[in-house]
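Engineer: Coordinates in upload.txt, compact mmCIF, C-alpha atoms (C1' of nucleotides), are listed below.
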```
# COMPACT_ATOMS: atom_id res chain seq x y z
CA MET M 1 65.87 162.08 -14.70
CA LYS M 2 63.21 159.48 -15.39
CA LEU M 3 60.78 159.10 -12.53
CA GLN M 4 61.15 155.34 -12.36
CA GLN M 5 64.83 155.78 -11.58
CA GLU M 6 64.22 158.68 -9.22
CA LEU M 7 61.70 156.65 -7.27
CA LYS M 8 63.91 153.55 -7.57
CA LEU M 9 60.87 151.56 -8.58
CA LYS M 10 61.30 147.98 -9.70
CA GLN M 11 58.16 148.14 -11.78
CA PRO M 12 57.46 150.74 -14.48
CA LEU M 13 54.85 153.42 -13.82
CA MET M 14 51.26 152.46 -14.44
CA SER M 15 50.33 154.86 -17.26
CA ASP M 16 51.21 158.03 -19.10
CA ASN M 17 48.55 159.75 -17.05
CA HIS M 18 50.13 158.78 -13.76
CA GLU M 19 53.60 159.52 -15.04
CA ALA M 20 52.52 162.99 -16.19
CA LEU M 21 50.81 163.73 -12.88
CA LEU M 22 53.77 162.55 -10.79
CA ASN M 23 56.20 164.54 -12.90
CA LEU M 24 54.08 167.62 -12.48
CA VAL M 25 53.69 167.29 -8.72
CA ARG M 26 57.28 166.35 -8.11
CA THR M 27 58.70 169.22 -10.15
CA SER M 28 56.34 171.66 -8.49
CA THR M 29 57.39 170.44 -5.05
CA MET M 30 61.01 170.94 -6.02
CA LEU M 31 60.37 174.48 -7.27
CA LEU M 32 58.41 175.32 -4.13
CA LYS M 33 61.22 174.09 -1.89
CA LEU M 34 63.76 176.12 -3.84
CA SER M 35 61.54 179.19 -3.66
CA ASP M 36 61.02 178.73 0.06
CA ARG M 37 64.77 178.42 0.56
CA PHE M 38 65.25 181.57 -1.46
CA PHE M 39 62.70 183.53 0.57
CA SER M 40 64.21 182.36 3.85
CA GLN M 41 67.17 184.67 3.10
CA PHE M 42 64.74 187.50 3.74
CA GLY M 43 62.97 185.89 6.68
CA LEU M 44 59.92 185.18 4.54
CA THR M 45 58.10 182.07 3.38
CA ASP M 46 56.62 181.44 -0.03
CA SER M 47 53.06 181.90 1.28
CA GLN M 48 53.95 185.11 3.04
CA PHE M 49 55.59 186.52 -0.10
CA ASN M 50 52.53 185.65 -2.18
CA ILE M 51 50.25 187.49 0.21
CA LEU M 52 52.49 190.55 0.17
CA MET M 53 52.59 190.42 -3.66
CA ILE M 54 48.81 190.36 -3.95
CA LEU M 55 48.43 193.16 -1.42
CA SER M 56 50.97 195.29 -3.28
CA ASP M 57 48.80 194.92 -6.38
CA TYR M 58 45.77 196.29 -4.48
CA ASP M 59 47.56 198.65 -2.14
CA SER M 60 45.53 201.20 -0.17
CA ASP M 61 42.11 199.52 -0.40
CA GLY M 62 43.43 196.24 0.94
CA LEU M 63 41.61 192.92 0.86
CA SER M 64 39.67 190.95 3.44
CA GLN M 65 41.12 187.72 4.79
CA GLN M 66 38.44 185.83 2.89
CA GLU M 67 39.43 187.51 -0.37
CA LEU M 68 43.08 186.69 0.25
CA SER M 69 42.08 183.07 0.95
CA ASP M 70 40.23 182.95 -2.37
CA HIS M 71 43.21 184.33 -4.31
CA LEU M 72 45.61 181.82 -2.81
CA ILE M 73 43.14 178.93 -2.69
CA VAL M 74 43.60 178.25 1.00
CA THR M 75 41.01 178.07 3.75
CA LYS M 76 40.12 181.14 5.72
CA SER M 77 41.20 179.35 8.89
CA ASN M 78 44.68 179.05 7.45
CA MET M 79 44.68 182.74 6.59
CA VAL M 80 44.23 183.72 10.25
CA GLY M 81 47.69 182.48 11.21
CA LEU M 82 49.31 183.77 8.03
CA VAL M 83 48.03 187.29 8.66
CA ASP M 84 48.90 186.99 12.37
CA ARG M 85 52.53 186.29 11.54
CA LEU M 86 52.73 189.01 8.87
CA GLU M 87 51.18 191.48 11.29
CA LYS M 88 53.60 190.45 14.03
CA ALA M 89 56.49 191.02 11.61
CA GLY M 90 55.09 194.50 10.91
CA TYR M 91 54.43 193.94 7.20
CA VAL M 92 50.63 194.25 7.24
CA LYS M 93 47.93 195.82 9.39
CA ARG M 94 44.35 194.76 10.09
CA LYS M 95 42.24 197.86 9.51
CA ALA M 96 38.59 197.89 10.55
CA HIS M 97 36.11 197.98 7.70
CA PRO M 98 34.33 201.36 7.80
CA THR M 99 30.76 200.02 7.71
CA ASP M 100 30.83 196.24 8.23
CA ARG M 101 32.30 195.11 11.51
CA ARG M 102 32.68 191.50 10.33
CA PHE M 103 35.51 192.46 7.99
CA TYR M 104 39.07 193.53 8.29
CA ARG M 105 40.84 195.17 5.46
CA ILE M 106 44.39 193.84 5.32
CA VAL M 107 46.79 196.49 4.05
CA LEU M 108 50.54 196.70 3.59
CA THR M 109 52.51 198.87 5.99
CA ALA M 110 55.34 201.04 4.68
CA LYS M 111 57.72 198.33 5.92
CA GLY M 112 55.73 195.69 4.07
CA ARG M 113 55.79 197.70 0.86
CA ASP M 114 59.56 198.10 1.12
CA VAL M 115 60.14 194.40 1.71
CA VAL M 116 58.00 193.23 -1.16
CA GLU M 117 59.63 195.67 -3.58
CA LYS M 118 63.10 194.55 -2.55
CA VAL M 119 62.36 190.82 -2.63
CA LYS M 120 60.24 190.89 -5.78
CA LYS M 121 63.08 192.01 -7.98
CA SER M 122 65.57 189.38 -6.91
CA TYR M 123 62.93 186.65 -6.80
CA PHE M 124 62.05 187.22 -10.44
CA GLU M 125 65.73 186.99 -11.30
CA GLU M 126 65.85 183.69 -9.43
CA VAL M 127 62.78 182.46 -11.32
CA ASP M 128 64.48 183.39 -14.60
CA ARG M 129 67.53 181.36 -13.58
CA MET M 130 65.46 178.36 -12.55
CA MET M 131 63.25 178.29 -15.64
CA SER M 132 65.91 179.23 -18.19
CA VAL M 133 66.52 175.62 -19.23
CA LEU M 134 63.08 175.40 -20.86
CA SER M 135 62.70 176.79 -24.37
CA ASP M 136 60.14 179.49 -25.10
CA SER M 137 57.94 176.99 -26.87
CA GLN M 138 58.20 174.53 -23.98
CA LYS M 139 57.09 177.25 -21.60
CA LYS M 140 54.21 178.28 -23.84
CA SER M 141 53.04 174.66 -24.25
CA LEU M 142 53.32 174.15 -20.53
CA ILE M 143 51.19 177.20 -19.80
CA VAL M 144 48.55 176.08 -22.32
CA ALA M 145 48.44 172.55 -20.92
CA MET M 146 48.21 173.74 -17.31
CA GLU M 147 45.42 176.20 -18.10
CA ARG M 148 43.53 173.51 -19.97
CA LEU M 149 43.89 171.02 -17.13
CA ARG M 150 42.76 173.48 -14.44
CA GLN M 151 39.86 174.62 -16.59
CA TYR M 152 38.76 171.01 -17.02
CA LEU M 153 39.07 170.09 -13.37
CA GLN M 154 37.07 173.14 -12.35
CA ALA M 155 34.37 172.61 -14.97
CA ARG M 156 33.97 168.94 -14.05
CA GLN M 157 33.90 169.88 -10.37
CA PHE M 158 36.44 167.27 -9.42
CA MET S 1 41.64 180.01 -17.05
CA LYS S 2 44.36 182.59 -17.41
CA LEU S 3 46.31 183.09 -14.24
CA GLN S 4 45.93 186.86 -14.30
CA GLN S 5 42.15 186.45 -14.09
CA GLU S 6 42.37 183.65 -11.53
CA LEU S 7 44.55 185.78 -9.30
CA LYS S 8 42.42 188.85 -10.09
CA LEU S 9 45.60 190.80 -10.71
CA LYS S 10 45.34 194.31 -12.07
CA GLN S 11 48.78 194.09 -13.60
CA PRO S 12 49.90 191.36 -16.03
CA LEU S 13 52.37 188.74 -14.84
CA MET S 14 56.01 189.69 -14.96
CA SER S 15 57.38 187.18 -17.46
CA ASP S 16 56.78 183.89 -19.26
CA ASN S 17 59.10 182.30 -16.74
CA HIS S 18 57.03 183.41 -13.79
CA GLU S 19 53.79 182.60 -15.56
CA ALA S 20 55.04 179.08 -16.37
CA LEU S 21 56.20 178.50 -12.80
CA LEU S 22 52.96 179.76 -11.25
CA ASN S 23 50.87 177.67 -13.64
CA LEU S 24 52.90 174.61 -12.73
CA VAL S 25 52.69 175.12 -8.99
CA ARG S 26 49.04 176.08 -8.99
CA THR S 27 47.96 173.12 -11.09
CA SER S 28 50.03 170.76 -8.97
CA THR S 29 48.45 172.13 -5.79
CA MET S 30 45.03 171.58 -7.30
CA LEU S 31 45.84 167.98 -8.26
CA LEU S 32 47.28 167.30 -4.82
CA LYS S 33 44.18 168.61 -3.10
CA LEU S 34 41.95 166.50 -5.33
CA SER S 35 44.10 163.44 -4.68
CA ASP S 36 44.03 164.08 -0.95
CA ARG S 37 40.26 164.42 -1.03
CA PHE S 38 40.08 161.17 -2.97
CA PHE S 39 42.26 159.30 -0.47
CA SER S 40 40.27 160.64 2.46
CA GLN S 41 37.45 158.28 1.38
CA PHE S 42 39.74 155.50 2.52
CA GLY S 43 41.02 157.24 5.62
CA LEU S 44 44.38 157.85 3.94
CA THR S 45 46.38 160.91 2.94
CA ASP S 46 48.38 161.37 -0.23
CA SER S 47 51.68 160.97 1.63
CA GLN S 48 50.50 157.84 3.39
CA PHE S 49 49.37 156.29 0.11
CA ASN S 50 52.71 157.07 -1.51
CA ILE S 51 54.59 155.34 1.29
CA LEU S 52 52.36 152.27 1.04
CA MET S 53 52.86 152.23 -2.76
CA ILE S 54 56.63 152.28 -2.45
CA LEU S 55 56.61 149.61 0.23
CA SER S 56 54.37 147.39 -1.90
CA ASP S 57 57.01 147.63 -4.64
CA TYR S 58 59.68 146.34 -2.22
CA ASP S 59 57.55 144.09 -0.05
CA SER S 60 59.22 141.66 2.33
CA ASP S 61 62.64 143.32 2.53
CA GLY S 62 61.15 146.66 3.49
CA LEU S 63 62.99 149.96 3.52
CA SER S 64 64.51 152.07 6.27
CA GLN S 65 62.89 155.36 7.23
CA GLN S 66 65.85 157.16 5.68
CA GLU S 67 65.38 155.32 2.39
CA LEU S 68 61.68 156.17 2.40
CA SER S 69 62.58 159.82 3.06
CA ASP S 70 64.92 159.77 0.07
CA HIS S 71 62.26 158.30 -2.23
CA LEU S 72 59.67 160.86 -1.24
CA ILE S 73 62.11 163.78 -0.87
CA VAL S 74 61.07 164.62 2.65
CA THR S 75 63.20 164.96 5.76
CA LYS S 76 63.78 161.98 7.99
CA SER S 77 62.22 163.93 10.86
CA ASN S 78 59.01 164.13 8.89
CA MET S 79 59.13 160.40 8.22
CA VAL S 80 59.00 159.62 11.95
CA GLY S 81 55.44 160.89 12.29
CA LEU S 82 54.32 159.45 8.97
CA VAL S 83 55.47 155.97 9.96
CA ASP S 84 54.03 156.43 13.47
CA ARG S 85 50.58 157.09 12.05
CA LEU S 86 50.77 154.25 9.52
CA GLU S 87 51.91 151.90 12.27
CA LYS S 88 49.10 153.05 14.55
CA ALA S 89 46.62 152.37 11.72
CA GLY S 90 48.08 148.87 11.43
CA TYR S 91 49.32 149.25 7.84
CA VAL S 92 53.06 148.94 8.49
CA LYS S 93 55.38 147.46 11.09
CA ARG S 94 58.82 148.58 12.29
CA LYS S 95 60.97 145.45 12.19
CA ALA S 96 64.40 145.47 13.79
CA HIS S 97 67.29 145.26 11.36
CA PRO S 98 69.01 141.91 11.90
CA THR S 99 72.55 143.26 12.34
CA ASP S 100 72.42 147.07 12.66
CA ARG S 101 70.46 148.34 15.62
CA ARG S 102 70.31 151.89 14.25
CA PHE S 103 67.87 150.81 11.53
CA TYR S 104 64.31 149.75 11.29
CA ARG S 105 63.00 147.97 8.30
CA ILE S 106 59.53 149.28 7.54
CA VAL S 107 57.34 146.56 6.04
CA LEU S 108 53.70 146.32 5.03
CA THR S 109 51.38 144.26 7.19
CA ALA S 110 48.75 142.03 5.56
CA LYS S 111 46.23 144.79 6.27
CA GLY S 112 48.51 147.35 4.64
CA ARG S 113 48.93 145.19 1.56
CA ASP S 114 45.16 144.79 1.25
CA VAL S 115 44.53 148.51 1.55
CA VAL S 116 47.11 149.55 -1.00
CA GLU S 117 45.85 146.98 -3.52
CA LYS S 118 42.27 148.14 -3.08
CA VAL S 119 43.03 151.87 -3.24
CA LYS S 120 45.64 151.67 -6.01
CA LYS S 121 43.17 150.42 -8.60
CA SER S 122 40.56 153.12 -8.04
CA TYR S 123 43.17 155.85 -7.65
CA PHE S 124 44.61 155.11 -11.06
CA GLU S 125 41.12 155.28 -12.50
CA GLU S 126 40.71 158.68 -10.83
CA VAL S 127 44.06 159.82 -12.27
CA ASP S 128 42.90 158.74 -15.72
CA ARG S 129 39.74 160.78 -15.31
CA MET S 130 41.62 163.85 -14.10
CA MET S 131 44.28 163.78 -16.81
CA SER S 132 42.06 162.72 -19.68
CA VAL S 133 41.66 166.28 -20.97
CA LEU S 134 45.30 166.44 -22.05
CA SER S 135 46.21 164.88 -25.39
CA ASP S 136 48.84 162.16 -25.58
CA SER S 137 51.31 164.58 -27.10
CA GLN S 138 50.61 167.19 -24.39
CA LYS S 139 51.33 164.57 -21.75
CA LYS S 140 54.51 163.46 -23.46
CA SER S 141 55.74 167.05 -23.86
CA LEU S 142 54.89 167.73 -20.25
CA ILE S 143 56.87 164.72 -19.06
CA VAL S 144 59.86 165.72 -21.18
CA ALA S 145 59.78 169.32 -19.95
CA MET S 146 59.44 168.32 -16.30
CA GLU S 147 62.30 165.82 -16.53
CA ARG S 148 64.47 168.44 -18.20
CA LEU S 149 63.69 171.04 -15.57
CA ARG S 150 64.36 168.71 -12.62
CA GLN S 151 67.56 167.50 -14.24
CA TYR S 152 68.73 171.08 -14.66
CA LEU S 153 67.84 172.15 -11.14
CA GLN S 154 69.67 169.16 -9.68
CA ALA S 155 72.74 169.60 -11.86
CA ARG S 156 73.00 173.30 -11.06
CA GLN S 157 72.47 172.54 -7.39
CA PHE S 158 69.84 175.17 -6.99
C1' DA Z 1 10.44 194.21 14.26
C1' DT Z 2 12.42 189.97 14.71
C1' DC Z 3 14.09 185.79 13.41
C1' DA Z 4 16.38 182.76 10.22
C1' DT Z 5 20.10 182.74 7.41
C1' DA Z 6 24.39 184.02 5.53
C1' DC Z 7 28.93 185.68 6.11
C1' DA Z 8 33.86 186.95 8.24
C1' DG Z 9 36.83 185.64 11.27
C1' DT Z 10 38.53 182.51 15.11
C1' DT Z 11 39.53 178.26 17.53
C1' DT Z 12 40.58 173.42 17.94
C1' DA Z 13 42.24 169.08 16.45
C1' DT Z 14 44.95 166.88 13.15
C1' DA Z 15 48.42 166.12 9.24
C1' DT Z 16 52.42 167.45 6.73
C1' DG Z 17 56.62 169.75 6.18
C1' DT Z 18 61.42 171.98 7.66
C1' DA Z 19 65.78 172.83 10.48
C1' DA Z 20 68.54 172.02 14.31
C1' DA Z 21 69.91 169.69 18.32
C1' DC Z 22 69.94 165.35 20.44
C1' DT Z 23 70.70 159.92 21.41
C1' DA Z 24 72.23 155.55 20.18
C1' DT Z 25 74.87 152.77 17.34
C1' DC Z 26 78.30 151.54 14.10
C1' DT Z 27 82.77 151.81 11.59
C1' DC Z 28 87.20 152.88 10.65
C1' DC Z 29 91.74 154.30 11.68
C1' DG Z 30 95.67 155.00 14.45
C1' DC N 1 91.55 148.67 21.74
C1' DG N 2 89.48 153.10 21.78
C1' DG N 3 88.13 157.35 20.25
C1' DA N 4 86.47 160.29 16.10
C1' DG N 5 83.28 160.71 12.90
C1' DA N 6 79.34 158.99 10.29
C1' DT N 7 74.68 157.31 10.30
C1' DA N 8 69.51 156.29 11.77
C1' DG N 9 66.12 157.74 14.22
C1' DT N 10 63.91 161.05 17.59
C1' DT N 11 62.55 165.39 19.62
C1' DT N 12 61.53 170.23 19.63
C1' DA N 13 60.10 174.52 17.71
C1' DC N 14 57.98 176.42 14.00
C1' DA N 15 55.13 177.22 9.46
C1' DT N 16 51.55 175.72 6.54
C1' DA N 17 47.40 173.30 5.47
C1' DT N 18 42.52 171.24 6.25
C1' DA N 19 37.77 170.44 8.41
C1' DA N 20 34.46 171.35 11.74
C1' DA N 21 32.52 173.83 15.35
C1' DC N 22 32.14 178.31 17.19
C1' DT N 23 31.30 183.80 17.76
C1' DG N 24 29.82 188.03 16.23
C1' DT N 25 27.65 190.79 12.75
C1' DA N 26 24.65 191.92 8.95
C1' DT N 27 20.66 191.21 5.94
C1' DG N 28 16.39 189.91 4.16
C1' DA N 29 11.82 187.89 4.42
C1' DT N 30 7.66 187.38 6.76
```
Take the structure in this file and express it as structure tokens.

Structural biologist:
Amino acid sequence: MKLQQELKLKQPLMSDNHEALLNLVRTSTMLLKLSDRFFSQFGLTDSQFNILMILSDYDSDGLSQQELSDHLIVTKSNMVGLVDRLEKAGYVKRKAHPTDRRFYRIVLTAKGRDVVEKVKKSYFEEVDRMMSVLSDSQKKSLIVAMERLRQYLQARQF
Amino acid sequence: MKLQQELKLKQPLMSDNHEALLNLVRTSTMLLKLSDRFFSQFGLTDSQFNILMILSDYDSDGLSQQELSDHLIVTKSNMVGLVDRLEKAGYVKRKAHPTDRRFYRIVLTAKGRDVVEKVKKSYFEEVDRMMSVLSDSQKKSLIVAMERLRQYLQARQF
DNA sequence: ATCATACAGTTTATATGTAAACTATCTCCG
DNA sequence: CGGAGATAGTTTACATATAAACTGTATGAT
């Protein structure tokens, strides 16, 4: 649906730029809510799943909380609570760094590895269902445009 | 930048669908953070600005908290705090509905109208700067794809 | 050697967001 | 009329997110 209708605005949107940005943000919000609802079946949140996914890619070495924060682009203060809850649920462990006592190494437990393997599969099926309405070329153009935009925003230090 | 590098993943992403979704969400998050940082200059948040924008489109009649929730796709329980803070800042007022005592009508104060007019102009300039790297046809394709995706997700009741 | 500086993690205060249970009010139907 | 159900807003409990101030640890330069 057109954004002007969705927002029930009396006046048309200001510019293509604003319309593109709002469409982007609004669609992303929708996808995030649907993902979160999907993960709630498994007692997980979107953020928690993403952390488990990244850890499963690194496995035995683990990552520090700071490194996890960098991957997910969240503050390290936010990561404290995220890891707390995952640890409480038994999915990850804080292991002491062998030489540097400032660090933890966050690693998946066996339980955590099981959960992420189970959820990963059905989440990707859900993603396929959600995104199936876009053509291959629409998806490719979208990826190119998003990469270009992020590249630009980073380079210009917005 | 490619997502696989950004996420420092050892393994490539699962599918075009997942790559498209992650690009979308990640770029949106970035734009939201930049917008929020922009609004913080004026002591506002992104959500607060959006509410003021919608109210300025409706003006004297105002909207109920439920209607505002519907516009912004947030729960009515969330709207309570948002309106509380805007009221405390003196930007909006809760006016009693003339006939139905369950409702408020949320209206802009003079101060609220001033703020939104001032911020709106420079925000749209900021949006133009942020989005300027995309070509007109990229923006148009993006808008079309996002509308199509939202339409589909709504129709399929995901 | 020690002292300044940098770095990892935590805490606190604040904002946004959800779901579920609650209160107050309204409306409609028998 | 009067009660059942719908509706608007609130509260509570929780998760996520930031910024800023803090603690503890490591490192490097003088």

Engineer: Residues of chain M within 8 Å of chain S: nearest atom pair and distance (Å, one decimal) for each, counting only C-alpha atoms, sorted by chain and number, as a tab-separated table?

Structural biologist:
```
residue	atom	partner	partner_atom	distance
M:Met1	CA	S:Glu147	CA	5.5
M:Lys2	CA	S:Glu147	CA	6.5
M:Leu3	CA	S:Glu147	CA	8.0
M:Glu6	CA	S:His71	CA	7.3
M:Leu7	CA	S:His71	CA	5.3
M:Lys8	CA	S:His71	CA	7.3
M:Leu9	CA	S:Asp57	CA	6.8
M:Lys10	CA	S:Asp57	CA	6.6
M:Gln11	CA	S:Asp57	CA	7.2
M:Met14	CA	S:Phe124	CA	7.9
M:Asp16	CA	S:Lys139	CA	7.1
M:Asn17	CA	S:Met131	CA	5.9
M:His18	CA	S:Val127	CA	6.3
M:Glu19	CA	S:Ile143	CA	7.3
M:Ala20	CA	S:Ile143	CA	5.5
M:Leu21	CA	S:Met131	CA	7.6
M:Asn23	CA	S:Met146	CA	6.0
M:Leu24	CA	S:Ser28	CA	6.2
M:Val25	CA	S:Ser28	CA	5.0
M:Thr27	CA	S:Arg150	CA	6.2
M:Ser28	CA	S:Val25	CA	5.1
M:Thr29	CA	S:Val25	CA	7.7
M:Met30	CA	S:Arg150	CA	7.7
M:Leu31	CA	S:Val25	CA	7.9
M:Leu32	CA	S:Val25	CA	7.5
M:Leu34	CA	S:Phe158	CA	6.9
M:Ile54	CA	S:Leu9	CA	7.5
M:Asp57	CA	S:Lys10	CA	6.7
M:Tyr58	CA	S:Lys10	CA	7.9
M:His71	CA	S:Leu7	CA	5.4
M:Leu72	CA	S:Leu7	CA	7.7
M:Phe124	CA	S:His18	CA	7.1
M:Val127	CA	S:His18	CA	6.3
M:Asp128	CA	S:Asn17	CA	5.9
M:Met130	CA	S:Leu153	CA	6.8
M:Met131	CA	S:Asn17	CA	5.9
M:Ser132	CA	S:Asn17	CA	7.6
M:Val133	CA	S:Leu149	CA	6.5
M:Leu134	CA	S:Leu149	CA	6.9
M:Gln138	CA	S:Ala145	CA	6.8
M:Lys139	CA	S:Ala20	CA	5.9
M:Lys140	CA	S:Ala20	CA	7.6
M:Ser141	CA	S:Gln138	CA	7.9
M:Leu142	CA	S:Leu142	CA	6.6
M:Ile143	CA	S:Ala20	CA	5.5
M:Ala145	CA	S:Gln138	CA	6.7
M:Met146	CA	S:Asn23	CA	6.0
M:Glu147	CA	S:Met1	CA	5.5
M:Arg148	CA	S:Met1	CA	7.4
M:Leu149	CA	S:Val133	CA	6.5
M:Arg150	CA	S:Thr27	CA	6.2
M:Gln151	CA	S:Met1	CA	5.7
M:Tyr152	CA	S:Val133	CA	6.8
M:Leu153	CA	S:Met130	CA	6.8
M:Phe158	CA	S:Leu34	CA	6.9
```

Engineer: Contacts from chain S to chain Z, 9 Å maximum, all atoms listed in the file: show me the residue list as an MDAnalysis selection string.

Structural biologist: chainID S and resid 45 47 74:75 77:78 82 100:102

Engineer: Please return, as a PyMOL selection string, all residues of chain N lying within 9 Å of chain S when only C-alpha atoms (C1' of nucleotides) are considered.

Structural biologist: chain N and resi 7-11

Engineer: So what do you get for atom CA of Val107 of chain M versus atom CA of Lys93 of chain M, distance-wise?

Structural biologist: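 Computed distance, atom CA of Val107 of chain M to atom CA of Lys93 of chain M, equals 5.5 Å.
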
Engineer: Quick check, in Å to one decimal: how far apart do atom C1' of DT25 of chain N and atom CA of Thr99 of chain M lie?

Structural biologist: 11.0 Å
